[in-house]
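J.: Quick one: the structure is below, questions incoming.
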Number of protein chains: 2
Amino acid sequence: MPDEKEQLQRSWIANAPAWRDAVRERKIDSRRVATDAAIIDAVMSLAPETVLDLGCGEGWLARELSSRNVRVVGVDASRPLVDAAMELGGGSFYAMSYEDVLAAGSPLQAPFDVVVANFSILEEDIGPILTAAGRMLKSGGRFVIQTVHPAFAVGDAAYISGWRTETFAAFDGEWPEPMPWYFRTLTDWVVALSENGFVIAEMREPLDAQRARPLSMIFVCRRA
Amino acid sequence: MPDEKEQLQRSWIANAPAWRDAVRERKIDSRRVATDAAIIDAVMSLAPETVLDLGCGEGWLARELSSRNVRVVGVDASRPLVDAAMELGGGSFYAMSYEDVLAAGSPLQAPFDVVVANFSILEEDIGPILTAAGRMLKSGGRFVIQTVHPAFAVGDAAYISGWRTETFAAFDGEWPEPMPWYFRTLTDWVVALSENGFVIAEMREPLDAQRARPLSMIFVCRRA
């Protein structure tokens with residue numbers, strides 16, 4: 001396993017308590033002002049009966065969707081986050097990696113109307129999660145991805161795909177492990193989706209209303 | 001006709017001599033360092049035998065493609081630019097609006113392997129050009145659009161689709177008429193393409209090599 005991927009998985013275990021609190025206490029501005037509502041709207045606009053939440057974390061999105069009468073299954077590679085999700089309910093939760101999802105199948109009650117990945121695609125090689133999403137979807141289903149907006153998240157760095165590091169310095173709380181994450185240009189998103197059998201049916205760019213700048217990017221994808 | 005569209009068409013007639021010189025003398029930095037080569041590469045990667053150049057201007061792209069053994073038909077609503085294109089050859093050129101293209105059909109020797117619009121989609125209502133492109137394409141053909149990169153061209157303005165004005169103040173030469181052009185967010189590009197029967201098969205973001213920032217956006221589209 002590449003170092004970054006190993007460190008990425010480790011960070012979500014070590015930082016689980018801090019992440020749980022950050023999400024549950026709504027400490028992350030961009031989520032509170034725009035991106036939480038945006039992913040709920042994007043999923044609910046598809047009127048799904050069943051949703052697979054890939055990278056569900058502590059389960060907030062599953063709870064929101066289940067309160068809207070959607071049956072949700074959530075998976076996450078971080079066992080402490082899955083444990084936190086189970087505590088509050090709102091779906092069936094499983095601690096498994098995306099590779100595990102690929103191998104799993106039936107325990108997850110596939111296929112689903114919608115598969116959603118909310119800021120949970122952080123690896124360089126996204127073949128496994130895209131393949132898993134494709135296999136878990138009903139015919140005609142949609143894969144909804146929310147991610148940092150490549151063009152607005154690039155900051156002063158080069159606009160070239162590559163590993164970056166989140167230190168959580170801007171967050172309250174104790175974050176023992178930095179999190180590597182893979183910055184992917186828009187071009188490379190489209191390549192990865194295309195190589196794994198998806199086309200973009202719709203794109204959304206949730207705006208910070210005050211500055212009229214996108215705070216994220218949402219791809220609504222269907223099988224090609 | 002809305003004021004902006006009328007002014008847009010007028011600008012390409014009044015500014016035709018200055019534009020012809022700017023292109024032929026390679027005075028536009030972004031074109032010289034990246035975007036000219038990028039559109040040639042994007043089109044030639046599709047190995048077309050025939051190309052329709054929508055908004056061909058003074059014909060540089062038609063000349064480049066024809067020198068690579070592609071048969072090119074170019075159309076532009078600005079008669080003086082079409083006249084300039086005819087002077088240097090490299091294709092068959094016609095002075096017609098996108099609406100005229102829709103009505104024309106046979107004189108243009110359709111269908112084409114590739115339809116290309118290189119920085120020539122500047123109107124708010126792009127239904128006519130997208131419909132025209134769709135009708136002019138062979139089954140399995142591709143529509144290649146190069147445009148300003150929405151996220152990097154937005155500058156300090158709000159990231160919201162709307163009319164902007166190019167005054168050509170940064171250009172040498174005499175530019176009698178400002179050019180209105182419609183800024184379109186990425187989301188709205190995808191909506192417009194989708195509503196007119198296209199999906200994005202590939203995206204390219206030609207970089208300024210020195211600053212590693214995209215200088216444009218290229219959509220390679222196919223029929224949905």
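In the structure tokens, each chain is lettered A, B, ... as it comes, each chain's residues begin at 1, and ligands are numbered from 1 in order of appearance.
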Provide as a PyMOL selection string the residues of chain B at most 10 Å from chain A, counting only C-alpha atoms.
T.: chain B and resi 149-152+154+156-160+185-191+193-194+198-214+217-219+224
J.: Please provide as a list in words all residues within 8 Å of range 88-105 of chain A, with the sequence filter that same-chain residues fewer than 4 positions apart are discarded (counting only C-alpha atoms).
T.: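 Once the adjacent positions are removed, what remains is Leu54, Gly59, Ala62, Arg63, Glu64, Ser66, Ser67, Arg71, Val72, Val73, Gly74, Val75, Asp76, Ala77, Ser78, Arg79, Val82, Ala84, Gln109, Ala110, Pro128, Ile129, Thr131, Ala132, Arg135 and Met136 of chain A.
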J.: Can you pull out the residues contacting Lys138 in chain A? Cut-off 6 Å, using only C-alpha atoms, and skip same-chain residues under 4 positions away; I want them as an mmCIF file with all heavy atoms, in the first residue's frame.
T.:
```cif
data_model
loop_
_atom_site.group_PDB
_atom_site.id
_atom_site.type_symbol
_atom_site.label_atom_id
_atom_site.label_comp_id
_atom_site.auth_asym_id
_atom_site.auth_seq_id
_atom_site.Cartn_x
_atom_site.Cartn_y
_atom_site.Cartn_z
ATOM 1 N N PRO A 111 -28.916 -3.822 -5.208
ATOM 2 C CA PRO A 111 -28.434 -2.528 -5.696
ATOM 3 C C PRO A 111 -29.212 -1.355 -5.091
ATOM 4 O O PRO A 111 -30.293 -1.537 -4.543
ATOM 5 C CB PRO A 111 -28.700 -2.622 -7.200
ATOM 6 C CG PRO A 111 -29.926 -3.480 -7.309
ATOM 7 C CD PRO A 111 -29.855 -4.454 -6.165
ATOM 8 N N PHE A 112 -28.636 -0.171 -5.238
ATOM 9 C CA PHE A 112 -29.197 1.058 -4.679
ATOM 10 C C PHE A 112 -29.626 2.022 -5.795
ATOM 11 O O PHE A 112 -29.061 2.010 -6.886
ATOM 12 C CB PHE A 112 -28.141 1.762 -3.814
ATOM 13 C CG PHE A 112 -27.729 0.961 -2.607
ATOM 14 C CD1 PHE A 112 -26.707 0.025 -2.698
ATOM 15 C CD2 PHE A 112 -28.381 1.126 -1.392
ATOM 16 C CE1 PHE A 112 -26.335 -0.729 -1.593
ATOM 17 C CE2 PHE A 112 -28.005 0.378 -0.285
ATOM 18 C CZ PHE A 112 -26.982 -0.558 -0.382
ATOM 19 N N ASP A 113 -30.585 2.874 -5.453
ATOM 20 C CA ASP A 113 -30.997 3.914 -6.403
ATOM 21 C C ASP A 113 -29.895 4.952 -6.582
ATOM 22 O O ASP A 113 -29.674 5.468 -7.675
ATOM 23 C CB ASP A 113 -32.255 4.632 -5.892
ATOM 24 C CG ASP A 113 -33.463 3.702 -5.813
ATOM 25 O OD1 ASP A 113 -33.644 2.886 -6.741
ATOM 26 O OD2 ASP A 113 -34.200 3.788 -4.807
#
```
J.: Run DSSP on the backbone and tell me which residues of range 63-204 of chain B come out as strand (DSSP E or B); list them as a ChimeraX atom specification.
T.: /B:71-76,92-95,112-118,137-147,162-166,179-183,198-204
J.: Output as a PyMOL selection string all residues of range 73-165 of chain B that backbone DSSP marks as alpha helix (DSSP H).
T.: chain B and resi 79-88+98-104+127-136+150-153
J.: Restricted to N, CA, C and O atoms, what would the selected residues look like written as a tab-separated table (two decimals), in the first residue's frame?
T.:
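Everything below was put into again_5.tsv:
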```
chain	number	residue	atom	x	y	z
B	79	ARG	N	-18.90	38.94	-41.93
B	79	ARG	CA	-18.48	38.83	-43.33
B	79	ARG	C	-17.03	39.29	-43.55
B	79	ARG	O	-16.28	38.62	-44.26
B	80	PRO	N	-16.58	40.39	-42.94
B	80	PRO	CA	-15.18	40.77	-43.20
B	80	PRO	C	-14.18	39.71	-42.71
B	80	PRO	O	-13.13	39.53	-43.34
B	81	LEU	N	-14.49	38.99	-41.63
B	81	LEU	CA	-13.59	37.92	-41.20
B	81	LEU	C	-13.63	36.75	-42.18
B	81	LEU	O	-12.59	36.15	-42.48
B	82	VAL	N	-14.81	36.43	-42.68
B	82	VAL	CA	-14.90	35.35	-43.67
B	82	VAL	C	-14.14	35.75	-44.95
B	82	VAL	O	-13.42	34.92	-45.54
B	83	ASP	N	-14.26	37.01	-45.32
B	83	ASP	CA	-13.50	37.47	-46.49
B	83	ASP	C	-12.00	37.30	-46.25
B	83	ASP	O	-11.25	36.88	-47.15
B	84	ALA	N	-11.56	37.63	-45.03
B	84	ALA	CA	-10.14	37.48	-44.70
B	84	ALA	C	-9.73	36.01	-44.75
B	84	ALA	O	-8.63	35.66	-45.24
B	85	ALA	N	-10.61	35.13	-44.27
B	85	ALA	CA	-10.31	33.69	-44.32
B	85	ALA	C	-10.18	33.23	-45.77
B	85	ALA	O	-9.25	32.49	-46.12
B	86	MET	N	-11.08	33.69	-46.62
B	86	MET	CA	-11.05	33.27	-48.03
B	86	MET	C	-9.76	33.69	-48.72
B	86	MET	O	-9.24	32.97	-49.58
B	87	GLU	N	-9.23	34.83	-48.32
B	87	GLU	CA	-7.99	35.31	-48.95
B	87	GLU	C	-6.84	34.32	-48.77
B	87	GLU	O	-6.02	34.15	-49.66
B	88	LEU	N	-6.78	33.70	-47.60
B	88	LEU	CA	-5.66	32.78	-47.35
B	88	LEU	C	-6.02	31.31	-47.59
B	88	LEU	O	-5.13	30.45	-47.57
B	98	TYR	N	-25.17	31.26	-36.72
B	98	TYR	CA	-25.46	29.88	-36.32
B	98	TYR	C	-26.89	29.50	-36.67
B	98	TYR	O	-27.17	28.35	-37.00
B	99	GLU	N	-27.78	30.49	-36.65
B	99	GLU	CA	-29.16	30.22	-37.06
B	99	GLU	C	-29.19	29.87	-38.55
B	99	GLU	O	-29.94	28.99	-38.98
B	100	ASP	N	-28.36	30.58	-39.35
B	100	ASP	CA	-28.28	30.26	-40.78
B	100	ASP	C	-27.76	28.83	-40.98
B	100	ASP	O	-28.22	28.12	-41.87
B	101	VAL	N	-26.80	28.43	-40.15
B	101	VAL	CA	-26.24	27.08	-40.27
B	101	VAL	C	-27.35	26.05	-40.05
B	101	VAL	O	-27.46	25.06	-40.78
B	102	LEU	N	-28.18	26.34	-39.05
B	102	LEU	CA	-29.29	25.44	-38.76
B	102	LEU	C	-30.19	25.27	-39.98
B	102	LEU	O	-30.69	24.18	-40.26
B	103	ALA	N	-30.41	26.37	-40.70
B	103	ALA	CA	-31.32	26.34	-41.84
B	103	ALA	C	-30.63	25.83	-43.10
B	103	ALA	O	-31.28	25.43	-44.05
B	104	ALA	N	-29.29	25.82	-43.09
B	104	ALA	CA	-28.54	25.59	-44.34
B	104	ALA	C	-28.46	24.11	-44.71
B	104	ALA	O	-29.09	23.66	-45.66
B	127	GLY	N	-28.55	27.50	-27.50
B	127	GLY	CA	-29.36	26.45	-28.13
B	127	GLY	C	-29.09	26.34	-29.63
B	127	GLY	O	-28.85	25.24	-30.13
B	128	PRO	N	-29.12	27.47	-30.37
B	128	PRO	CA	-28.93	27.36	-31.83
B	128	PRO	C	-27.58	26.75	-32.22
B	128	PRO	O	-27.53	25.87	-33.08
B	129	ILE	N	-26.49	27.17	-31.58
B	129	ILE	CA	-25.20	26.62	-32.01
B	129	ILE	C	-25.07	25.15	-31.60
B	129	ILE	O	-24.54	24.34	-32.36
B	130	LEU	N	-25.62	24.79	-30.45
B	130	LEU	CA	-25.53	23.39	-30.04
B	130	LEU	C	-26.41	22.52	-30.93
B	130	LEU	O	-26.02	21.41	-31.31
B	131	THR	N	-27.58	23.02	-31.26
B	131	THR	CA	-28.46	22.26	-32.17
B	131	THR	C	-27.80	22.12	-33.53
B	131	THR	O	-27.80	21.04	-34.13
B	132	ALA	N	-27.22	23.22	-34.02
B	132	ALA	CA	-26.54	23.18	-35.32
B	132	ALA	C	-25.40	22.16	-35.28
B	132	ALA	O	-25.25	21.34	-36.19
B	133	ALA	N	-24.62	22.20	-34.22
B	133	ALA	CA	-23.49	21.26	-34.12
B	133	ALA	C	-24.00	19.83	-34.12
B	133	ALA	O	-23.45	18.96	-34.81
B	134	GLY	N	-25.06	19.57	-33.37
B	134	GLY	CA	-25.61	18.22	-33.32
B	134	GLY	C	-26.06	17.73	-34.68
B	134	GLY	O	-25.79	16.60	-35.08
B	135	ARG	N	-26.71	18.60	-35.44
B	135	ARG	CA	-27.23	18.19	-36.76
B	135	ARG	C	-26.13	18.01	-37.79
B	135	ARG	O	-26.28	17.28	-38.76
B	136	MET	N	-25.02	18.71	-37.59
B	136	MET	CA	-23.93	18.67	-38.59
B	136	MET	C	-22.97	17.52	-38.35
B	136	MET	O	-22.09	17.26	-39.16
B	150	PRO	N	-14.14	28.80	-16.85
B	150	PRO	CA	-15.05	29.57	-15.98
B	150	PRO	C	-14.42	29.93	-14.63
B	150	PRO	O	-14.54	31.06	-14.19
B	151	ALA	N	-13.74	28.97	-14.03
B	151	ALA	CA	-13.26	29.21	-12.67
B	151	ALA	C	-12.05	30.13	-12.63
B	151	ALA	O	-11.83	30.80	-11.63
B	152	PHE	N	-11.29	30.14	-13.70
B	152	PHE	CA	-10.08	30.98	-13.69
B	152	PHE	C	-10.29	32.30	-14.41
B	152	PHE	O	-9.49	33.22	-14.26
B	153	ALA	N	-11.37	32.42	-15.18
B	153	ALA	CA	-11.66	33.68	-15.88
B	153	ALA	C	-12.56	34.58	-15.06
B	153	ALA	O	-12.79	35.72	-15.43
```
